[in-house]
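> Coordinates in start.txt, compact mmCIF, C-alpha atoms, are listed below.
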```txt
# COMPACT_ATOMS: atom_id res chain seq x y z
CA MET A 1 70.45 88.08 5.10
CA HIS A 2 71.71 84.61 6.07
CA GLU A 3 69.69 82.86 3.38
CA LEU A 4 72.78 82.60 1.18
CA GLY A 5 74.50 80.37 3.74
CA LEU A 6 71.30 78.42 4.31
CA SER A 7 70.95 77.79 0.59
CA ARG A 8 74.51 76.54 0.52
CA SER A 9 73.72 74.16 3.39
CA ILE A 10 70.66 72.80 1.63
CA ALA A 11 72.60 72.39 -1.62
CA ALA A 12 75.49 70.65 0.17
CA ILE A 13 73.20 68.18 1.96
CA VAL A 14 71.19 67.36 -1.17
CA SER A 15 74.35 67.06 -3.31
CA GLU A 16 75.80 64.56 -0.88
CA ASN A 17 72.68 62.43 -0.98
CA ALA A 18 72.06 62.77 -4.73
CA ASN A 19 75.50 61.41 -5.49
CA GLY A 20 75.78 63.02 -8.90
CA ARG A 21 72.29 62.30 -10.24
CA ALA A 22 70.16 65.11 -11.58
CA VAL A 23 67.66 66.46 -9.06
CA LYS A 24 64.24 67.70 -10.12
CA ARG A 25 62.95 69.25 -6.89
CA VAL A 26 63.86 69.75 -3.25
CA CYS A 27 61.20 70.15 -0.57
CA VAL A 28 61.99 72.12 2.58
CA ALA A 29 59.73 72.52 5.65
CA ILE A 30 59.87 75.93 7.33
CA GLY A 31 58.19 76.95 10.56
CA PRO A 32 57.08 80.52 11.36
CA LEU A 33 59.82 80.94 14.00
CA ALA A 34 62.66 79.62 11.84
CA CYS A 35 63.72 83.17 10.81
CA VAL A 36 63.87 82.07 7.19
CA GLU A 37 62.63 84.29 4.40
CA GLN A 38 61.30 82.10 1.58
CA ARG A 39 61.76 84.64 -1.20
CA SER A 40 65.38 85.31 -0.23
CA LEU A 41 66.01 81.59 -0.01
CA LEU A 42 64.64 81.10 -3.53
CA PHE A 43 66.77 83.94 -4.84
CA CYS A 44 69.91 82.49 -3.27
CA TRP A 45 69.03 78.95 -4.30
CA ASP A 46 69.30 79.86 -7.96
CA LEU A 47 72.63 81.55 -7.33
CA VAL A 48 74.23 78.69 -5.41
CA THR A 49 72.97 75.91 -7.69
CA GLU A 50 73.87 77.62 -10.95
CA SER A 51 76.36 75.51 -12.92
CA THR A 52 76.46 72.80 -10.25
CA GLY A 53 74.93 69.32 -10.28
CA LEU A 54 71.78 70.84 -8.76
CA SER A 55 71.28 73.39 -11.52
CA GLY A 56 67.61 73.57 -12.48
CA ALA A 57 66.36 71.82 -9.35
CA VAL A 58 63.20 73.49 -8.04
CA LEU A 59 63.05 74.51 -4.39
CA GLU A 60 59.62 73.95 -2.81
CA PHE A 61 58.32 74.83 0.63
CA VAL A 62 55.83 73.29 3.01
CA ASP A 63 54.62 74.89 6.23
CA ALA A 64 55.70 73.43 9.53
CA ASP A 65 55.49 74.19 13.26
CA GLY A 66 57.68 76.37 15.45
CA ASP A 67 61.26 76.83 14.37
CA THR A 68 61.35 73.77 12.10
CA PHE A 69 63.82 74.07 9.24
CA VAL A 70 64.20 70.67 7.66
CA ILE A 71 64.86 69.23 4.20
CA LYS A 72 61.88 66.88 3.86
CA GLU A 73 62.76 65.12 0.64
CA PHE A 74 64.09 65.54 -2.85
CA GLU A 75 63.16 63.96 -6.17
CA PHE A 76 65.47 62.79 -8.91
CA GLU A 77 64.92 63.74 -12.53
CA GLN A 78 63.03 60.98 -14.36
CA GLU A 79 65.06 58.46 -16.31
CA THR A 80 65.29 59.13 -20.01
CA ALA A 81 66.87 55.82 -20.92
CA MET B 82 69.82 91.07 -2.10
CA CYS B 83 73.18 89.37 -2.36
CA GLY B 84 73.90 90.61 -5.84
CA THR B 85 73.72 94.21 -4.66
CA CYS B 86 75.31 94.11 -1.22
CA GLY B 87 78.30 92.19 -2.53
CA CYS B 88 77.93 89.21 -0.25
CA SER B 89 77.81 86.91 -3.25
CA ASP B 90 81.32 87.90 -4.24
CA PRO B 91 83.30 84.66 -4.69
CA SER B 92 86.47 86.36 -3.46
CA ASN B 93 85.03 86.56 0.05
CA ASN B 94 86.90 84.04 2.12
CA VAL B 95 86.52 83.43 5.85
CA THR B 96 89.90 83.96 7.48
CA LEU B 97 91.29 83.43 10.96
CA THR B 98 94.04 85.67 12.32
CA ASN B 99 95.99 84.99 15.48
CA VAL B 100 97.01 88.47 16.60
CA GLU B 101 99.74 87.02 18.86
CA SER B 102 101.63 85.35 16.06
CA GLY B 103 100.21 87.34 13.17
CA ASP B 104 99.45 84.07 11.36
CA SER B 105 96.41 84.13 9.14
CA ILE B 106 94.70 81.11 7.60
CA VAL B 107 91.72 80.64 5.32
CA VAL B 108 89.01 78.74 7.20
CA ARG B 109 86.54 78.63 4.39
CA GLU B 110 86.79 79.40 0.72
CA GLY B 111 84.48 82.15 -0.50
CA GLY B 112 82.17 81.77 -3.43
CA LEU B 113 78.72 80.41 -3.90
CA VAL B 114 79.29 76.79 -4.72
CA PRO B 115 78.72 74.63 -1.67
CA PRO B 116 81.57 72.32 -0.74
CA GLY B 117 81.25 68.95 -2.38
CA SER B 118 78.78 69.91 -5.05
CA GLN B 119 81.45 70.46 -7.66
CA ALA B 120 82.59 66.94 -7.08
CA HIS B 121 79.34 65.75 -8.58
CA PRO B 122 79.23 67.01 -12.14
CA HIS B 123 76.76 65.64 -14.62
CA GLU B 124 78.96 63.02 -16.18
CA SER B 125 77.52 62.07 -19.53
CA GLY B 126 76.11 58.62 -19.12
CA GLY B 127 78.65 57.45 -16.57
CA HIS B 128 76.56 57.96 -13.48
CA ARG B 129 73.42 56.54 -15.03
CA ASP B 130 74.85 53.06 -14.76
CA GLN B 131 75.77 53.49 -11.14
CA HIS B 132 72.70 54.92 -9.54
CA HIS B 133 70.92 51.69 -8.80
CA HIS B 134 73.80 50.35 -6.79
CA HIS B 135 72.78 50.87 -3.22
CA GLU B 136 75.45 48.81 -1.47
CA GLY B 137 76.21 50.31 1.88
CA ASP B 138 73.61 52.95 1.27
CA ASP B 139 70.92 52.65 3.89
CA LYS B 140 69.34 56.02 3.19
CA PRO B 141 65.55 55.70 3.01
CA HIS B 142 64.18 55.96 -0.48
CA VAL B 143 60.98 55.18 -2.33
CA HIS B 144 60.26 55.03 -6.02
CA GLY B 145 57.58 57.58 -6.94
CA PRO B 146 55.58 57.96 -10.14
CA ASN B 147 58.08 60.38 -11.68
CA GLY B 148 61.65 60.37 -10.52
CA GLU B 149 62.83 58.61 -7.42
CA VAL B 150 61.90 60.47 -4.22
CA ILE B 151 64.41 60.43 -1.40
CA SER B 152 63.07 61.19 2.05
CA LEU B 153 65.70 63.08 4.03
CA GLU B 154 64.09 64.75 7.07
CA GLN B 155 67.43 66.37 7.73
CA ALA B 156 67.69 69.71 9.51
CA VAL B 157 69.26 72.30 7.25
CA LEU B 158 71.53 73.41 10.08
CA SER B 159 72.38 69.86 11.13
CA LYS B 160 76.02 70.21 10.07
CA ASN B 161 76.45 73.38 12.11
CA ASP B 162 74.58 71.85 15.05
CA THR B 163 76.78 68.75 15.02
CA ILE B 164 79.95 70.82 15.15
CA ALA B 165 78.38 73.06 17.84
CA ALA B 166 77.67 69.95 19.93
CA GLN B 167 81.30 68.88 19.54
CA ASN B 168 82.44 72.34 20.63
CA ARG B 169 80.11 72.18 23.65
CA GLY B 170 81.54 68.82 24.68
CA TRP B 171 85.06 70.12 24.21
CA PHE B 172 84.29 73.16 26.40
CA GLU B 173 82.63 71.10 29.12
CA GLY B 174 85.45 68.59 29.19
CA ARG B 175 87.96 71.38 29.78
CA GLU B 176 85.69 73.46 32.02
CA VAL B 177 85.77 76.32 29.57
CA LEU B 178 82.82 78.67 30.01
CA ALA B 179 82.02 79.93 26.52
CA LEU B 180 79.74 82.96 26.13
CA ASN B 181 78.41 84.16 22.81
CA LEU B 182 78.04 87.96 22.74
CA VAL B 183 75.56 89.30 20.23
CA SER B 184 74.40 92.83 19.46
CA SER B 185 73.95 95.29 16.65
CA PRO B 186 77.16 96.97 15.45
CA GLY B 187 78.31 99.67 17.84
CA ALA B 188 76.42 98.56 20.96
CA GLY B 189 79.74 98.33 22.78
CA LYS B 190 80.58 94.62 22.89
CA THR B 191 84.30 95.19 22.53
CA THR B 192 84.37 98.03 25.09
CA LEU B 193 82.42 95.84 27.52
CA LEU B 194 84.96 93.05 26.96
CA GLU B 195 87.92 95.39 27.48
CA ALA B 196 86.50 96.49 30.84
CA THR B 197 85.63 92.89 31.74
CA ILE B 198 89.11 91.57 30.94
CA LYS B 199 90.72 94.13 33.23
CA ALA B 200 88.45 93.16 36.14
CA ALA B 201 87.68 89.43 35.77
CA SER B 202 90.46 88.15 37.99
CA PHE B 203 88.42 85.10 39.04
CA ALA B 204 89.05 83.31 35.73
CA ASN B 205 92.04 80.99 35.26
CA ASP B 206 92.46 82.11 31.71
CA LEU B 207 90.68 84.61 29.51
CA ALA B 208 90.40 84.61 25.76
CA VAL B 209 88.25 86.16 23.08
CA ILE B 210 87.22 85.02 19.63
CA GLU B 211 86.41 88.12 17.62
CA GLY B 212 84.07 87.98 14.65
CA ASP B 213 83.93 90.81 12.15
CA GLN B 214 83.59 91.03 8.42
CA MET B 215 86.92 92.80 8.03
CA THR B 216 89.97 94.04 10.01
CA THR B 217 91.71 92.78 13.15
CA ASN B 218 90.93 96.02 15.03
CA ASP B 219 88.85 94.33 17.72
CA ALA B 220 91.32 91.51 18.35
CA ASP B 221 94.07 94.14 18.66
CA ARG B 222 92.00 96.01 21.25
CA ILE B 223 91.42 92.81 23.24
CA LYS B 224 95.11 91.99 23.12
CA ALA B 225 95.93 95.50 24.36
CA ALA B 226 93.45 95.01 27.21
CA GLY B 227 95.40 91.95 28.33
CA ALA B 228 93.66 88.84 26.97
CA ARG B 229 94.49 86.50 24.14
CA ALA B 230 92.42 86.93 21.01
CA VAL B 231 91.91 85.48 17.58
CA GLN B 232 90.10 87.35 14.88
CA ILE B 233 87.75 85.65 12.47
CA ASN B 234 86.96 87.69 9.38
CA THR B 235 83.79 86.39 7.83
CA GLY B 236 84.14 88.37 4.61
CA ALA B 237 80.65 88.15 3.18
CA GLY B 238 79.25 86.33 6.19
CA CYS B 239 76.86 88.03 8.59
CA HIS B 240 77.44 85.69 11.56
CA LEU B 241 79.87 83.17 13.06
CA GLU B 242 79.30 79.46 12.53
CA ALA B 243 80.36 76.54 14.70
CA ASP B 244 83.17 75.35 12.42
CA MET B 245 84.82 78.79 12.58
CA VAL B 246 84.76 78.67 16.38
CA ALA B 247 86.18 75.12 16.36
CA GLU B 248 89.05 76.35 14.21
CA ALA B 249 89.62 79.46 16.34
CA VAL B 250 89.69 77.45 19.57
CA LYS B 251 92.52 75.31 18.18
CA SER B 252 94.75 78.33 17.80
CA LEU B 253 93.95 79.74 21.27
CA GLN B 254 95.32 76.82 23.34
CA LEU B 255 92.92 77.49 26.19
CA LYS B 256 93.77 76.45 29.70
CA SER B 257 91.33 74.38 31.73
CA GLY B 258 88.91 76.71 33.52
CA ALA B 259 89.14 79.43 30.92
CA LEU B 260 86.51 82.07 30.38
CA LEU B 261 85.99 82.34 26.63
CA PHE B 262 84.05 85.18 25.04
CA ILE B 263 82.90 84.79 21.48
CA GLU B 264 82.13 88.24 20.11
CA ASN B 265 79.80 87.59 17.23
CA VAL B 266 79.49 89.73 14.12
CA GLY B 267 77.41 92.84 14.91
CA ASN B 268 73.99 91.74 13.71
CA LEU B 269 70.74 91.19 15.59
CA VAL B 270 69.24 88.81 13.05
CA CYS B 271 71.41 85.97 11.79
CA PRO B 272 73.55 84.96 14.80
CA SER B 273 70.40 83.87 16.66
CA MET B 274 70.07 80.87 14.36
CA PHE B 275 73.58 79.52 14.65
CA ASP B 276 74.58 77.53 17.71
CA LEU B 277 78.33 77.80 18.30
CA GLY B 278 78.49 75.44 21.29
CA GLU B 279 78.35 78.26 23.82
CA LYS B 280 76.94 77.95 27.33
CA MET B 281 74.69 80.94 26.67
CA LYS B 282 74.10 83.90 24.42
CA ILE B 283 74.36 87.35 25.94
CA ALA B 284 72.74 90.22 24.04
CA VAL B 285 74.15 93.72 24.38
CA ILE B 286 71.91 96.68 23.64
CA SER B 287 72.95 100.31 24.02
CA VAL B 288 70.72 103.16 25.15
CA THR B 289 71.11 104.98 21.83
CA GLU B 290 69.31 102.16 20.03
CA GLY B 291 65.92 102.85 21.59
CA GLU B 292 63.78 100.93 24.07
CA ASP B 293 61.93 98.94 21.43
CA LYS B 294 64.91 97.02 20.00
CA PRO B 295 63.83 93.82 21.80
CA LEU B 296 60.38 94.05 20.20
CA LYS B 297 61.84 94.73 16.75
CA TYR B 298 64.34 91.85 16.93
CA PRO B 299 62.59 89.35 19.21
CA HIS B 300 64.43 86.22 18.04
CA MET B 301 67.77 87.39 19.30
CA PHE B 302 66.44 88.53 22.66
CA ARG B 303 64.49 85.30 23.04
CA ALA B 304 67.66 83.28 22.38
CA SER B 305 69.72 85.21 24.96
CA SER B 306 69.88 84.28 28.64
CA CYS B 307 71.15 87.70 29.65
CA VAL B 308 70.72 91.19 28.22
CA VAL B 309 73.29 93.87 29.00
CA VAL B 310 71.97 97.43 28.58
CA ASN B 311 75.14 99.38 27.81
CA LYS B 312 76.04 103.10 27.80
CA ILE B 313 73.64 103.68 30.70
CA ASP B 314 75.70 106.75 31.71
CA ILE B 315 74.26 108.70 28.76
CA ALA B 316 70.68 107.40 29.13
CA GLU B 317 69.34 110.75 30.23
CA ALA B 318 70.95 112.66 27.37
CA VAL B 319 69.34 110.42 24.77
CA GLU B 320 66.03 110.22 26.68
CA PHE B 321 66.26 106.47 27.15
CA ASP B 322 63.49 104.98 29.29
CA GLU B 323 65.22 102.12 31.13
CA ALA B 324 62.04 100.80 32.77
CA LEU B 325 60.30 100.58 29.41
CA CYS B 326 63.27 98.81 27.87
CA ARG B 327 63.27 96.25 30.69
CA GLU B 328 59.55 95.75 30.16
CA ASN B 329 60.09 95.14 26.45
CA ILE B 330 62.86 92.64 27.08
CA ALA B 331 60.64 90.82 29.59
CA GLN B 332 57.84 90.76 27.05
CA VAL B 333 59.86 88.70 24.54
CA ASN B 334 61.92 86.81 27.13
CA PRO B 335 60.62 86.78 30.72
CA GLU B 336 63.55 84.60 31.82
CA ALA B 337 66.33 86.94 30.69
CA ARG B 338 68.56 88.49 33.31
CA ILE B 339 68.89 92.23 32.60
CA ILE B 340 71.97 94.16 33.69
CA SER B 341 72.42 97.89 33.04
CA VAL B 342 76.04 98.99 32.73
CA SER B 343 78.33 101.59 31.34
CA ALA B 344 81.49 99.85 30.20
CA LYS B 345 83.06 103.26 29.87
CA SER B 346 82.24 104.84 33.26
CA GLY B 347 82.11 101.56 35.18
CA ASP B 348 78.48 101.94 36.34
CA GLY B 349 76.87 98.55 36.92
CA MET B 350 80.09 96.67 36.14
CA SER B 351 80.12 95.01 39.56
CA GLU B 352 76.71 93.44 38.88
CA TRP B 353 77.90 92.23 35.47
CA LEU B 354 81.11 90.78 36.89
CA GLY B 355 79.11 89.14 39.70
CA PHE B 356 76.86 87.53 37.11
CA LEU B 357 79.89 86.22 35.21
CA GLN B 358 81.60 84.92 38.31
CA GLU B 359 78.43 83.17 39.46
CA HIS B 360 78.08 81.35 36.15
CA TYR B 361 81.79 80.63 36.01
CA SER B 362 81.73 78.96 39.44
CA ASP B 363 78.48 77.08 38.75
CA PHE B 364 79.86 75.80 35.47
CA ARG B 365 83.10 74.59 37.01
CA GLN B 366 81.23 72.84 39.82
CA LEU B 367 78.98 71.16 37.30
CA ALA B 368 81.95 70.03 35.28
CA GLU B 369 83.63 68.43 38.29
```
Would you mind writing the structure in this file as structure tokens?


Amino acid sequence: MHELGLSRSIAAIVSENANGRAVKRVCVAIGPLACVEQRSLLFCWDLVTESTGLSGAVLEFVDADGDTFVIKEFEFEQETA
Amino acid sequence: MCGTCGCSDPSNNVTLTNVESGDSIVVREGGLVPPGSQAHPHESGGHRDQHHHHEGDDKPHVHGPNGEVISLEQAVLSKNDTIAAQNRGWFEGREVLALNLVSSPGAGKTTLLEATIKAASFANDLAVIEGDQMTTNDADRIKAAGARAVQINTGAGCHLEADMVAEAVKSLQLKSGALLFIENVGNLVCPSMFDLGEKMKIAVISVTEGEDKPLKYPHMFRASSCVVVNKIDIAEAVEFDEALCRENIAQVNPEARIISVSAKSGDGMSEWLGFLQEHYSDFRQLAE
């Protein structure tokens, strides 16, 4: 239920760090006790990133311990220049 | 999920209403776009010339085989947690004991608070931050019971977040040594994740909900230091097994203090008030 707000938080943090550049993927670590539903998060991710600078960025997950809920890294779109 | 329940409606703002003055302000704009992200549109070409300038930018980054990979290792809730830590410091500095009340809708949080306000004469000052999706009904009830209250309407939101509490506290003008109740949105799932800066979470469960609530929603009961079992006066009528409920709470959280009350009839209220007073005094001594 709260995955909408969580998606917004992830998008806000990545946007700040991406500084306007196109992002290809975002990797988030989620522990079993984090109370985060991956499918809901994916659903909301598409909604919150639509028509923003993060549009099209893929959200990926890796398993982690305990209640970990951390943005591990993100990757910029490759240069086309 | 969000498309059907309406919580993705962009018109859903978070508002704060001071029921004393009747003033209402928007704390957070509704809508799906996270703050800041619109400020970074895909400029055509413009940003491509800038992105290798890293002056003043000490964020760790490595160049991978495809695009550039930026290692963040940042907690998703770090922004909320930072504001919660600020709230906690603010409360400690002013000896304000802040308690975060969580329960499912209808467990009797507001009724428990009404009864508490009338009896908690030990506190220098008493105030309540009310969280609900809509209406100022609860804040009006608190005001009628004799305490100051602000109402936060979360609109789409299913829980309170630390920035909303920070904003609400500003409008309350709490005295030093205040007892502050934060009545969270009725929801046994989401509020467990969001630290507001409170001293502790207190879960309220009512006898009509069944003995196995703590097993069905373990995160919330694990996060709470105290569980109040409310409406105990009608336990027999709804065939509520109190011993079993206590066992279930202990199973998910052996440390939790369990207090059975009826906010309506007054049963058990002296134990609840004693618990509050004990923590209130301990907190003030610690702060000195």

> Compare B:Cys271, B:Val319, B:Ile233, B:Val310 by their minimum atom-to-atom distance to Val36 (chain A), counting only C-alpha atoms, and give me the closest one.

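Among the listed residues, the smallest separation from Val36 (chain A) belongs to B:Cys271.
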
> Would you list the contacts of Ile10 (chain A) as a PyMOL selection string, taking every protein, DNA or RNA residue within 10 Å and counting only C-alpha atoms, but skipping same-chain residues closer than 5 positions in sequence?

(chain A and resi 5+15+26+28+45+48+59+70-71) or (chain B and resi 115+155-158)

> Could you state the separation of CA of Ala304 (chain B) and CA of Val285 (chain B) in Å, given to one decimal place?

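Value for the CA of Ala304 (chain B)-CA of Val285 (chain B) distance: 12.5 Å.
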
> Mind listing as a list in words which residues of chain A are within 6 Å of chain B, counting all atoms listed in the file?

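Those within range of chain B come out as His2, Arg8, Ile10, Ala12, Ser15, Gly20, Val48, Gly53, Phe69, Val70, Ile71, Lys72, Glu73, Phe74, Glu75, Phe76, Glu77 and Gln78 of chain A.
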
> How many Å lie between CA of Glu110 (chain B) and CA of Asn181 (chain B), rounded to one decimal?

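One can read the CA of Glu110 (chain B) to CA of Asn181 (chain B) distance as 24.1 Å.
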
> Which residue out of B:Glu359, B:Val183, B:Leu261, B:Asp322 has the minimum interatomic distance to Met301 (chain B) when only C-alpha atoms are used?

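For Met301 (chain B), the nearest of the candidates is B:Val183.
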
> Quote the spacing between CA of Leu296 (chain B) and CA of Pro186 (chain B) in Å to one decimal place.

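Computing it gives 17.7 Å between the two atoms.
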
> May I have the protein, DNA and RNA residues with any atom at most 12 Å from the point (65.3, 86.0, 35.4), counting all atoms listed in the file, written as a list in words?

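The residues near that point, listed by chain and number, are Ser305, Ser306, Cys307, Val308, Arg327, Ile330, Ala331, Asn334, Pro335, Glu336, Ala337, Arg338, Ile339, Ile340 and Phe356 of chain B.
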